[in-house]
$ cat structure.cif   # mmCIF, C-alpha atoms; chains and numbers go by the auth columns
data_data
loop_
_atom_site.group_PDB
_atom_site.id
_atom_site.type_symbol
_atom_site.label_atom_id
_atom_site.label_comp_id
_atom_site.label_asym_id
_atom_site.label_seq_id
_atom_site.Cartn_x
_atom_site.Cartn_y
_atom_site.Cartn_z
_atom_site.B_iso_or_equiv
_atom_site.auth_seq_id
_atom_site.auth_asym_id
ATOM 1 C CA SER A 1 10.367 -0.467 -9.568 0.00 14 B
ATOM 2 C CA LEU A 2 8.672 2.739 -10.601 0.00 15 B
ATOM 3 C CA ILE A 3 11.238 5.323 -11.747 0.00 16 B
ATOM 4 C CA SER A 4 8.831 8.199 -12.265 0.00 17 B
ATOM 5 C CA LYS A 5 5.359 9.051 -13.416 0.00 18 B
ATOM 6 C CA TYR A 6 3.935 11.894 -15.399 0.00 19 B
ATOM 7 C CA GLN A 7 0.522 13.531 -15.507 0.00 20 B
ATOM 8 C CA LEU A 8 -0.498 15.774 -18.381 0.00 21 B
ATOM 9 C CA PRO A 9 -0.938 19.395 -17.267 0.00 22 B
ATOM 10 C CA LEU A 10 -4.588 20.261 -16.697 0.00 23 B
ATOM 11 C CA PRO A 11 -5.935 23.256 -18.662 0.00 24 B
ATOM 12 C CA TYR A 12 -7.650 24.454 -15.462 0.00 25 B
ATOM 13 C CA ALA A 13 -7.626 23.237 -11.866 0.00 26 B
ATOM 14 C CA THR A 14 -10.947 21.346 -11.894 0.00 27 B
ATOM 15 C CA ALA A 15 -10.480 19.663 -15.309 0.00 28 B
ATOM 16 C CA THR A 16 -10.880 15.892 -15.358 0.00 29 B
ATOM 17 C CA PRO A 17 -7.632 14.167 -16.400 0.00 30 B
ATOM 18 C CA PRO A 18 -7.879 12.149 -19.625 0.00 31 B
ATOM 19 C CA PHE A 19 -7.414 8.430 -20.173 0.00 32 B
ATOM 20 C CA GLY A 20 -4.454 7.345 -22.278 0.00 33 B
ATOM 21 C CA THR A 21 -5.630 5.557 -25.442 0.00 34 B
ATOM 22 C CA ALA A 22 -2.504 5.229 -27.635 0.00 35 B
ATOM 23 C CA ILE A 23 1.230 5.328 -27.024 0.00 36 B
ATOM 24 C CA ILE A 24 4.434 4.895 -29.004 0.00 37 B
ATOM 25 C CA ALA A 25 8.065 5.685 -28.188 0.00 38 B
ATOM 26 C CA ASP A 26 10.853 6.829 -30.500 0.00 39 B
ATOM 27 C CA SER A 27 14.249 8.509 -29.882 0.00 40 B
ATOM 28 C CA ASP A 28 13.817 9.374 -26.195 0.00 41 B
ATOM 29 C CA LYS A 29 10.294 10.661 -26.778 0.00 42 B
ATOM 30 C CA VAL A 30 6.914 9.220 -25.895 0.00 43 B
ATOM 31 C CA TYR A 31 3.967 10.096 -28.113 0.00 44 B
ATOM 32 C CA LEU A 32 0.772 9.861 -26.082 0.00 45 B
ATOM 33 C CA GLY A 33 -2.799 9.937 -27.363 0.00 46 B
ATOM 34 C CA THR A 34 -5.744 10.377 -25.028 0.00 47 B
ATOM 35 C CA SER A 35 -9.498 10.267 -24.907 0.00 48 B
ATOM 36 C CA LYS A 36 -11.377 13.476 -25.765 0.00 49 B
ATOM 37 C CA TRP A 37 -11.002 16.009 -22.951 0.00 50 B
ATOM 38 C CA ASP A 38 -10.569 19.753 -22.330 0.00 51 B
ATOM 39 C CA GLY A 39 -6.826 19.604 -23.090 0.00 52 B
ATOM 40 C CA GLU A 40 -4.808 18.432 -26.085 0.00 53 B
ATOM 41 C CA GLU A 41 -5.251 14.785 -27.111 0.00 54 B
ATOM 42 C CA PHE A 42 -1.812 14.349 -28.766 0.00 55 B
ATOM 43 C CA ASN A 43 1.280 14.949 -26.612 0.00 56 B
ATOM 44 C CA ILE A 44 5.043 14.630 -27.026 0.00 57 B
ATOM 45 C CA ILE A 45 6.865 13.840 -23.778 0.00 58 B
ATOM 46 C CA ASN A 46 10.652 13.935 -23.462 0.00 59 B
ATOM 47 C CA ILE A 47 11.973 10.900 -21.556 0.00 60 B
ATOM 48 C CA GLN A 48 15.696 11.361 -22.212 0.00 61 B
ATOM 49 C CA ASP A 49 16.067 11.343 -18.437 0.00 62 B
ATOM 50 C CA PRO A 50 13.373 8.868 -17.334 0.00 63 B
ATOM 51 C CA ALA A 51 13.406 10.285 -13.805 0.00 64 B
ATOM 52 C CA TYR A 52 12.297 13.711 -15.111 0.00 65 B
ATOM 53 C CA PRO A 53 9.844 13.406 -18.017 0.00 66 B
ATOM 54 C CA HIS A 54 8.547 16.691 -19.395 0.00 67 B
ATOM 55 C CA ILE A 55 6.166 17.785 -22.113 0.00 68 B
ATOM 56 C CA MET A 56 7.661 19.129 -25.334 0.00 69 B
ATOM 57 C CA GLY A 57 4.476 19.907 -27.233 0.00 70 B
ATOM 58 C CA SER A 58 0.854 19.006 -27.772 0.00 71 B
ATOM 59 C CA TYR A 59 -1.939 19.267 -30.318 0.00 72 B
ATOM 60 C CA GLU A 60 -5.736 19.480 -30.010 0.00 73 B
ATOM 61 C CA VAL A 61 -7.098 16.598 -32.107 0.00 74 B
ATOM 62 C CA GLY A 62 -10.696 17.187 -31.025 0.00 75 B
ATOM 63 C CA SER A 63 -11.532 13.519 -30.508 0.00 76 B
ATOM 64 C CA LYS A 64 -10.202 10.264 -29.079 0.00 77 B
ATOM 65 C CA VAL A 65 -6.804 9.210 -30.457 0.00 78 B
ATOM 66 C CA GLU A 66 -6.968 5.538 -31.463 0.00 79 B
ATOM 67 C CA ASN A 67 -3.494 4.936 -32.925 0.00 80 B
ATOM 68 C CA ILE A 68 -0.235 6.807 -33.582 0.00 81 B
ATOM 69 C CA MET A 69 2.487 6.175 -36.149 0.00 82 B
ATOM 70 C CA ILE A 70 5.709 8.234 -36.342 0.00 83 B
ATOM 71 C CA ARG A 71 7.802 8.672 -39.525 0.00 84 B
ATOM 72 C CA ASP A 72 10.320 11.393 -40.482 0.00 85 B
ATOM 73 C CA ASN A 73 9.129 14.077 -38.014 0.00 86 B
ATOM 74 C CA LEU A 74 5.528 13.358 -38.975 0.00 87 B
ATOM 75 C CA ALA A 75 2.827 11.971 -36.711 0.00 88 B
ATOM 76 C CA TYR A 76 0.023 9.979 -38.333 0.00 89 B
ATOM 77 C CA ILE A 77 -2.981 9.846 -36.022 0.00 90 B
ATOM 78 C CA ALA A 78 -6.042 7.617 -36.417 0.00 91 B
ATOM 79 C CA ASN A 79 -8.915 9.094 -34.459 0.00 92 B
ATOM 80 C CA ALA A 80 -12.657 9.098 -33.924 0.00 93 B
ATOM 81 C CA GLY A 81 -13.361 12.561 -35.369 0.00 94 B
ATOM 82 C CA GLN A 82 -14.261 13.871 -38.817 0.00 95 B
ATOM 83 C CA GLU A 83 -10.585 14.065 -39.826 0.00 96 B
ATOM 84 C CA GLN A 84 -10.078 10.365 -39.117 0.00 97 B
ATOM 85 C CA LEU A 85 -6.452 10.426 -40.242 0.00 98 B
ATOM 86 C CA LEU A 86 -4.374 13.448 -39.268 0.00 99 B
ATOM 87 C CA ILE A 87 -0.816 14.073 -40.425 0.00 100 B
ATOM 88 C CA LEU A 88 1.097 16.460 -38.175 0.00 101 B
ATOM 89 C CA ASP A 89 4.495 18.102 -38.671 0.00 102 B
ATOM 90 C CA MET A 90 6.523 17.758 -35.454 0.00 103 B
ATOM 91 C CA SER A 91 9.813 19.265 -36.657 0.00 104 B
ATOM 92 C CA ASP A 92 9.242 21.925 -33.973 0.00 105 B
ATOM 93 C CA PRO A 93 7.548 20.076 -31.070 0.00 106 B
ATOM 94 C CA SER A 94 6.556 23.370 -29.433 0.00 107 B
ATOM 95 C CA ASN A 95 4.638 24.328 -32.598 0.00 108 B
ATOM 96 C CA ILE A 96 2.995 21.166 -33.997 0.00 109 B
ATOM 97 C CA ARG A 97 1.176 21.874 -37.272 0.00 110 B
ATOM 98 C CA LYS A 98 -1.435 19.928 -39.214 0.00 111 B
ATOM 99 C CA ILE A 99 -0.190 19.398 -42.757 0.00 112 B
ATOM 100 C CA SER A 100 -2.897 17.073 -44.040 0.00 113 B
ATOM 101 C CA SER A 101 -5.972 15.080 -43.081 0.00 114 B
ATOM 102 C CA PHE A 102 -8.173 12.384 -44.550 0.00 115 B
ATOM 103 C CA SER A 103 -11.948 12.326 -44.050 0.00 116 B
ATOM 104 C CA PRO A 104 -13.535 9.397 -45.891 0.00 117 B
ATOM 105 C CA SER A 105 -17.316 9.145 -46.205 0.00 118 B
ATOM 106 C CA GLY A 106 -19.059 7.539 -43.229 0.00 119 B
ATOM 107 C CA TYR A 107 -17.074 9.422 -40.565 0.00 120 B
ATOM 108 C CA THR A 108 -20.251 10.106 -38.574 0.00 121 B
ATOM 109 C CA ARG A 109 -20.605 6.354 -37.870 0.00 122 B
ATOM 110 C CA GLN A 110 -17.083 4.988 -38.251 0.00 123 B
ATOM 111 C CA GLU A 111 -13.881 5.673 -36.308 0.00 124 B
ATOM 112 C CA GLY A 112 -10.314 5.698 -37.548 0.00 125 B
ATOM 113 C CA LYS A 113 -8.743 2.743 -35.734 0.00 126 B
ATOM 114 C CA THR A 114 -5.345 1.544 -36.940 0.00 127 B
ATOM 115 C CA LEU A 115 -2.291 2.554 -38.985 0.00 128 B
ATOM 116 C CA SER A 116 0.685 0.789 -40.493 0.00 129 B
ATOM 117 C CA TYR A 117 3.427 1.554 -43.006 0.00 130 B
ATOM 118 C CA PHE A 118 5.106 -0.672 -45.576 0.00 131 B
ATOM 119 C CA ASN A 119 6.956 -0.104 -48.848 0.00 132 B
ATOM 120 C CA GLU A 120 6.240 3.659 -49.110 0.00 133 B
ATOM 121 C CA GLN A 121 2.526 3.178 -48.409 0.00 134 B
ATOM 122 C CA THR A 122 0.525 4.138 -45.327 0.00 135 B
ATOM 123 C CA TYR A 123 -2.350 1.776 -44.557 0.00 136 B
ATOM 124 C CA PHE A 124 -5.341 3.020 -42.568 0.00 137 B
ATOM 125 C CA GLY A 125 -8.188 0.943 -41.138 0.00 138 B
ATOM 126 C CA ARG A 126 -11.399 1.942 -39.445 0.00 139 B
ATOM 127 C CA THR A 127 -14.438 0.428 -37.773 0.00 140 B
ATOM 128 C CA SER A 128 -17.528 -0.633 -39.690 0.00 141 B
ATOM 129 C CA GLY A 129 -19.806 1.572 -37.624 0.00 142 B
ATOM 130 C CA GLY A 130 -22.229 -1.297 -37.075 0.00 143 B
ATOM 131 C CA PHE A 131 -23.545 -1.258 -40.655 0.00 144 B
ATOM 132 C CA ASP A 132 -22.029 -2.528 -43.882 0.00 145 B
ATOM 133 C CA ILE A 133 -22.486 0.317 -46.344 0.00 146 B
ATOM 134 C CA ASP A 134 -20.609 -0.616 -49.523 0.00 147 B
ATOM 135 C CA SER A 135 -19.565 2.963 -50.316 0.00 148 B
ATOM 136 C CA ASP A 136 -18.109 3.605 -46.825 0.00 149 B
ATOM 137 C CA HIS A 137 -14.878 1.638 -46.989 0.00 150 B
ATOM 138 C CA GLU A 138 -12.883 0.394 -43.994 0.00 151 B
ATOM 139 C CA LEU A 139 -9.388 -0.109 -45.472 0.00 152 B
ATOM 140 C CA PHE A 140 -7.325 2.542 -47.280 0.00 153 B
ATOM 141 C CA SER A 141 -3.809 3.037 -48.621 0.00 154 B
ATOM 142 C CA LEU A 142 -2.074 6.373 -49.207 0.00 155 B
ATOM 143 C CA PRO A 143 -0.438 8.192 -51.020 0.00 156 B
ATOM 144 C CA LYS A 144 -1.191 5.762 -53.860 0.00 157 B
ATOM 145 C CA TYR A 145 -4.901 5.770 -53.079 0.00 158 B
ATOM 146 C CA ASN A 146 -6.786 2.530 -52.836 0.00 159 B
ATOM 147 C CA SER A 147 -9.708 1.526 -50.666 0.00 160 B
ATOM 148 C CA MET A 148 -11.756 -1.549 -49.884 0.00 161 B
ATOM 149 C CA ASN A 149 -15.043 -2.260 -48.184 0.00 162 B
ATOM 150 C CA PHE A 150 -14.742 -4.802 -45.376 0.00 163 B
ATOM 151 C CA SER A 151 -17.941 -5.428 -43.436 0.00 164 B
ATOM 152 C CA GLY A 152 -16.277 -6.340 -40.137 0.00 165 B
ATOM 153 C CA GLY A 153 -14.112 -3.203 -40.004 0.00 166 B
ATOM 154 C CA ILE A 154 -10.323 -3.218 -39.712 0.00 167 B
ATOM 155 C CA TYR A 155 -9.197 -3.033 -36.071 0.00 168 B
ATOM 156 C CA GLY A 156 -5.550 -3.933 -36.603 0.00 169 B
ATOM 157 C CA LEU A 157 -3.410 -4.483 -39.679 0.00 170 B
ATOM 158 C CA VAL A 158 0.029 -5.632 -40.708 0.00 171 B
ATOM 159 C CA PRO A 159 1.129 -5.183 -44.327 0.00 172 B
ATOM 160 C CA TYR A 160 3.524 -7.926 -45.381 0.00 173 B
ATOM 161 C CA ARG A 161 5.055 -8.232 -48.857 0.00 174 B
ATOM 162 C CA THR A 162 2.029 -8.688 -51.140 0.00 175 B
ATOM 163 C CA HIS A 163 -0.591 -9.160 -48.413 0.00 176 B
ATOM 164 C CA ILE A 164 -2.256 -7.436 -45.496 0.00 177 B
ATOM 165 C CA LEU A 165 -3.187 -9.305 -42.348 0.00 178 B
ATOM 166 C CA GLY A 166 -6.233 -7.657 -40.811 0.00 179 B
ATOM 167 C CA ILE A 167 -8.022 -8.078 -37.502 0.00 180 B
ATOM 168 C CA THR A 168 -11.776 -7.717 -37.934 0.00 181 B
ATOM 169 C CA ARG A 169 -14.981 -8.102 -35.978 0.00 182 B
ATOM 170 C CA LYS A 170 -16.718 -10.113 -38.653 0.00 183 B
ATOM 171 C CA GLY A 171 -17.855 -13.450 -37.235 0.00 184 B
ATOM 172 C CA GLY A 172 -15.903 -16.308 -38.788 0.00 185 B
ATOM 173 C CA SER A 173 -13.349 -13.892 -40.261 0.00 186 B
ATOM 174 C CA GLU A 174 -11.604 -12.459 -37.207 0.00 187 B
ATOM 175 C CA ILE A 175 -8.320 -12.628 -39.129 0.00 188 B
ATOM 176 C CA ALA A 176 -8.464 -11.767 -42.822 0.00 189 B
ATOM 177 C CA ILE A 177 -5.704 -12.000 -45.426 0.00 190 B
ATOM 178 C CA LEU A 178 -6.070 -9.410 -48.182 0.00 191 B
ATOM 179 C CA ARG A 179 -3.975 -8.378 -51.198 0.00 192 B
ATOM 180 C CA ASN A 180 -2.126 -5.128 -50.476 0.00 193 B
ATOM 181 C CA ASP A 181 -2.873 -3.804 -53.976 0.00 194 B
ATOM 182 C CA PHE A 182 -6.632 -4.246 -53.266 0.00 195 B
ATOM 183 C CA SER A 183 -6.944 -6.079 -56.597 0.00 196 B
ATOM 184 C CA SER A 184 -9.320 -8.718 -55.283 0.00 197 B
ATOM 185 C CA THR A 185 -11.498 -9.618 -52.366 0.00 198 B
ATOM 186 C CA THR A 186 -10.310 -11.449 -49.272 0.00 199 B
ATOM 187 C CA LEU A 187 -7.826 -14.244 -50.012 0.00 200 B
ATOM 188 C CA ALA A 188 -8.429 -16.147 -46.792 0.00 201 B
ATOM 189 C CA ASN A 189 -10.293 -15.831 -43.506 0.00 202 B
ATOM 190 C CA MET A 190 -9.535 -17.450 -40.179 0.00 203 B
ATOM 191 C CA SER A 191 -11.985 -17.784 -37.351 0.00 204 B
ATOM 192 C CA LEU A 192 -10.813 -17.588 -33.765 0.00 205 B
ATOM 193 C CA PRO A 193 -11.992 -20.542 -31.661 0.00 206 B
#

$ encode --input "structure.cif" --output "structure tokens"
Amino acid sequence: SLISKYQLPLPYATATPPFGTAIIADSDKVYLGTSKWDGEEFNIINIQDPAYPHIMGSYEVGSKVENIMIRDNLAYIANAGQEQLLILDMSDPSNIRKISSFSPSGYTRQEGKTLSYFNEQTYFGRTSGGFDIDSDHELFSLPKYNSMNFSGGIYGLVPYRTHILGITRKGGSEIAILRNDFSSTTLANMSLP
């Protein structure tokens, strides 16, 4: 049964409520990303008492939040704006601060889509934008920077030991297996029936 529900506070009475687009939970907190709207697109909601959720803090991303990853009081946000990867300091949830961002070339056509973390590396994938432009890569790793062009975009990814499993929209290669050091092209492709 439904224990409770929560609606983000509207910035003014006639504002249209946003659609939720990304969510993750950690340590009695829910991190909610929304579509672009007149309020903040990244929100921290306290759910320590599930019957009485309340907002702890929020941040204006300026575009649709596609994915959220939380590590060590930092929020990594993949989004559709110019700063396609935002890194926010949440040590004080009432005063969330941007500490870094990543804006690869092609941001006017492509959207930040997915994030994952493995072995001290953050992996970031984005859409292809409908065109395969070799210089506008779709897969990145940070802080040890590497990038790779992948014509079908990267819509989901899981780093695993020496490989990355990627979900793409390239016909015949809906699942791609790549080296996580980006030292070569795709190792294998699988087509979904």

$ residues_around --input "structure.cif" --residues "Thr181 of chain B" --least-positions-apart "2" --cutoff "9 Å" --atoms "only C-alpha atoms" --output "short mmCIF file (atom, residue, chain, number, x, y, z; two decimals) with C-alpha atoms, keeping the file's coordinate frame"
data_model
loop_
_atom_site.label_atom_id
_atom_site.label_comp_id
_atom_site.auth_asym_id
_atom_site.auth_seq_id
_atom_site.Cartn_x
_atom_site.Cartn_y
_atom_site.Cartn_z
CA THR B 140 -14.44 0.43 -37.77
CA PHE B 163 -14.74 -4.80 -45.38
CA SER B 164 -17.94 -5.43 -43.44
CA GLY B 165 -16.28 -6.34 -40.14
CA GLY B 166 -14.11 -3.20 -40.00
CA ILE B 167 -10.32 -3.22 -39.71
CA TYR B 168 -9.20 -3.03 -36.07
CA GLY B 169 -5.55 -3.93 -36.60
CA GLY B 179 -6.23 -7.66 -40.81
CA LYS B 183 -16.72 -10.11 -38.65
CA GLY B 184 -17.86 -13.45 -37.24
CA SER B 186 -13.35 -13.89 -40.26
CA GLU B 187 -11.60 -12.46 -37.21
CA ILE B 188 -8.32 -12.63 -39.13
CA ALA B 189 -8.46 -11.77 -42.82
#

$ residues_near_point --input "structure.cif" --point "(-12.4, -11.7, -49.6)" --cutoff "10 Å" --atoms "all atoms listed in the file" --output "list of chain:residue names"
B:Asn162, B:Phe163, B:Ser186, B:Ala189, B:Ile190, B:Leu191, B:Arg192, B:Ser197, B:Thr198, B:Thr199, B:Leu200, B:Ala201, B:Asn202

$ residues_around --input "structure.cif" --residues "Met103 of chain B" --least-positions-apart "5" --cutoff "12 Å" --atoms "only C-alpha atoms" --output "CSV table (one decimal) with C-alpha atoms, in the frame of the given file"
chain,number,residue,atom,x,y,z
B,42,LYS,CA,10.3,10.7,-26.8
B,44,TYR,CA,4.0,10.1,-28.1
B,55,PHE,CA,-1.8,14.3,-28.8
B,56,ASN,CA,1.3,14.9,-26.6
B,57,ILE,CA,5.0,14.6,-27.0
B,69,MET,CA,7.7,19.1,-25.3
B,70,GLY,CA,4.5,19.9,-27.2
B,71,SER,CA,0.9,19.0,-27.8
B,72,TYR,CA,-1.9,19.3,-30.3
B,83,ILE,CA,5.7,8.2,-36.3
B,84,ARG,CA,7.8,8.7,-39.5
B,85,ASP,CA,10.3,11.4,-40.5
B,86,ASN,CA,9.1,14.1,-38.0
B,87,LEU,CA,5.5,13.4,-39.0
B,88,ALA,CA,2.8,12.0,-36.7
B,89,TYR,CA,0.0,10.0,-38.3
B,108,ASN,CA,4.6,24.3,-32.6
B,109,ILE,CA,3.0,21.2,-34.0
B,110,ARG,CA,1.2,21.9,-37.3
B,111,LYS,CA,-1.4,19.9,-39.2
B,112,ILE,CA,-0.2,19.4,-42.8

$ resolve_selection --input "structure.cif" --expression "the PyMOL selection byres ((chain B and resi 90-92) around 9)" --output "PyMOL selection string"
chain B and resi 46+55+74-83+88-89+93-101+124-128+137-139

$ closest_residue --input "structure.cif" --among "B:Gln20, B:Asp51, B:Ile58, B:Tyr136" --to "Ile37 of chain B" --atoms "only C-alpha atoms"
B:Ile58

$ closest_residue --input "structure.cif" --among "B:Phe32, B:Asp105, B:Lys18, B:Gln134" --to "Ala64 of chain B" --atoms "all atoms listed in the file"
B:Lys18

$ atom_distance --input "structure.cif" --atom1 "atom CA of Leu21 of chain B" --atom2 "atom CA of Pro106 of chain B"
15.6 Å

$ resolve_selection --input "structure.cif" --expression "the PyMOL selection byres ((chain B and resi 50) around 8)" --output "compact mmCIF listing (two decimals) with C-alpha atoms, keeping the file's coordinate frame"
# COMPACT_ATOMS: atom_id res chain seq x y z
CA THR B 29 -10.88 15.89 -15.36
CA PRO B 30 -7.63 14.17 -16.40
CA PRO B 31 -7.88 12.15 -19.62
CA THR B 47 -5.74 10.38 -25.03
CA SER B 48 -9.50 10.27 -24.91
CA LYS B 49 -11.38 13.48 -25.76
CA ASP B 51 -10.57 19.75 -22.33
CA GLY B 52 -6.83 19.60 -23.09
CA GLU B 53 -4.81 18.43 -26.08
CA GLU B 54 -5.25 14.78 -27.11
CA SER B 76 -11.53 13.52 -30.51

$ atom_distance --input "structure.cif" --atom1 "atom CA of Arg182 of chain B" --atom2 "atom CA of Glu133 of chain B"
27.6 Å

$ resolve_selection --input "structure.cif" --expression "the PyMOL selection byres ((chain B and resi 144) around 9)" --output "number ranges by chain"
B: 122, 141-143, 145-146, 164-165

$ atom_distance --input "structure.cif" --atom1 "atom CA of Leu152 of chain B" --atom2 "atom CA of Phe131 of chain B"
14.5 Å

$ closest_residue --input "structure.cif" --among "B:Asn132, B:Ile177, B:Asn193, B:Gly185" --to "Asn159 of chain B" --atoms "only C-alpha atoms"
B:Asn193

$ axis_aligned_box --input "structure.cif" --around "segment 136-144 of chain B" --padding-each-side "8 Å" --output "lines of an AutoDock Vina configuration file"
center_x = -12.9
center_y = 0.9
center_z = -40.8
size_x = 37.2
size_y = 20.3
size_z = 23.5

$ closest_residue --input "structure.cif" --among "B:Asp62, B:Thr121, B:Val43, B:Asp149" --to "Ser17 of chain B" --atoms "only C-alpha atoms"
B:Asp62

$ decode --input "structure.cif" --residues "segment 139-174 of chain B" --atoms "C-alpha atoms" --output "PDB file, in the first residue's frame"
ATOM      1  CA  ARG B 139      25.876  10.106 -24.505  1.00  0.00           C
ATOM      2  CA  THR B 140      23.588   9.913 -27.513  1.00  0.00           C
ATOM      3  CA  SER B 141      24.855  10.095 -31.079  1.00  0.00           C
ATOM      4  CA  GLY B 142      22.639  13.044 -31.922  1.00  0.00           C
ATOM      5  CA  GLY B 143      21.436  11.345 -35.095  1.00  0.00           C
ATOM      6  CA  PHE B 144      24.733  11.826 -36.953  1.00  0.00           C
ATOM      7  CA  ASP B 145      28.042  10.012 -36.669  1.00  0.00           C
ATOM      8  CA  ILE B 146      30.636  12.770 -36.481  1.00  0.00           C
ATOM      9  CA  ASP B 147      33.990  11.128 -35.733  1.00  0.00           C
ATOM     10  CA  SER B 148      35.263  14.011 -33.590  1.00  0.00           C
ATOM     11  CA  ASP B 149      32.140  14.102 -31.366  1.00  0.00           C
ATOM     12  CA  HIS B 150      32.669  11.037 -29.206  1.00  0.00           C
ATOM     13  CA  GLU B 151      29.954   9.172 -27.297  1.00  0.00           C
ATOM     14  CA  LEU B 152      31.949   7.332 -24.597  1.00  0.00           C
ATOM     15  CA  PHE B 153      34.308   8.949 -22.072  1.00  0.00           C
ATOM     16  CA  SER B 154      36.261   8.024 -18.952  1.00  0.00           C
ATOM     17  CA  LEU B 155      37.426  10.419 -16.235  1.00  0.00           C
ATOM     18  CA  PRO B 156      39.644  11.433 -14.411  1.00  0.00           C
ATOM     19  CA  LYS B 157      42.088   9.433 -16.547  1.00  0.00           C
ATOM     20  CA  TYR B 158      40.697  10.888 -19.760  1.00  0.00           C
ATOM     21  CA  ASN B 159      39.852   8.632 -22.643  1.00  0.00           C
ATOM     22  CA  SER B 160      37.140   8.872 -25.258  1.00  0.00           C
ATOM     23  CA  MET B 161      35.752   6.842 -28.124  1.00  0.00           C
ATOM     24  CA  ASN B 162      33.466   7.485 -31.050  1.00  0.00           C
ATOM     25  CA  PHE B 163      30.534   5.074 -31.200  1.00  0.00           C
ATOM     26  CA  SER B 164      28.034   5.767 -33.969  1.00  0.00           C
ATOM     27  CA  GLY B 165      24.995   4.340 -32.176  1.00  0.00           C
ATOM     28  CA  GLY B 166      25.509   6.400 -29.007  1.00  0.00           C
ATOM     29  CA  ILE B 167      25.860   4.928 -25.522  1.00  0.00           C
ATOM     30  CA  TYR B 168      22.491   4.727 -23.740  1.00  0.00           C
ATOM     31  CA  GLY B 169      23.548   2.479 -20.872  1.00  0.00           C
ATOM     32  CA  LEU B 170      26.879   1.091 -19.722  1.00  0.00           C
ATOM     33  CA  VAL B 171      28.366  -1.315 -17.230  1.00  0.00           C
ATOM     34  CA  PRO B 172      32.144  -1.390 -16.751  1.00  0.00           C
ATOM     35  CA  TYR B 173      33.337  -4.863 -15.812  1.00  0.00           C
ATOM     36  CA  ARG B 174      36.981  -5.798 -15.198  1.00  0.00           C
TER      37      ARG B 174
END
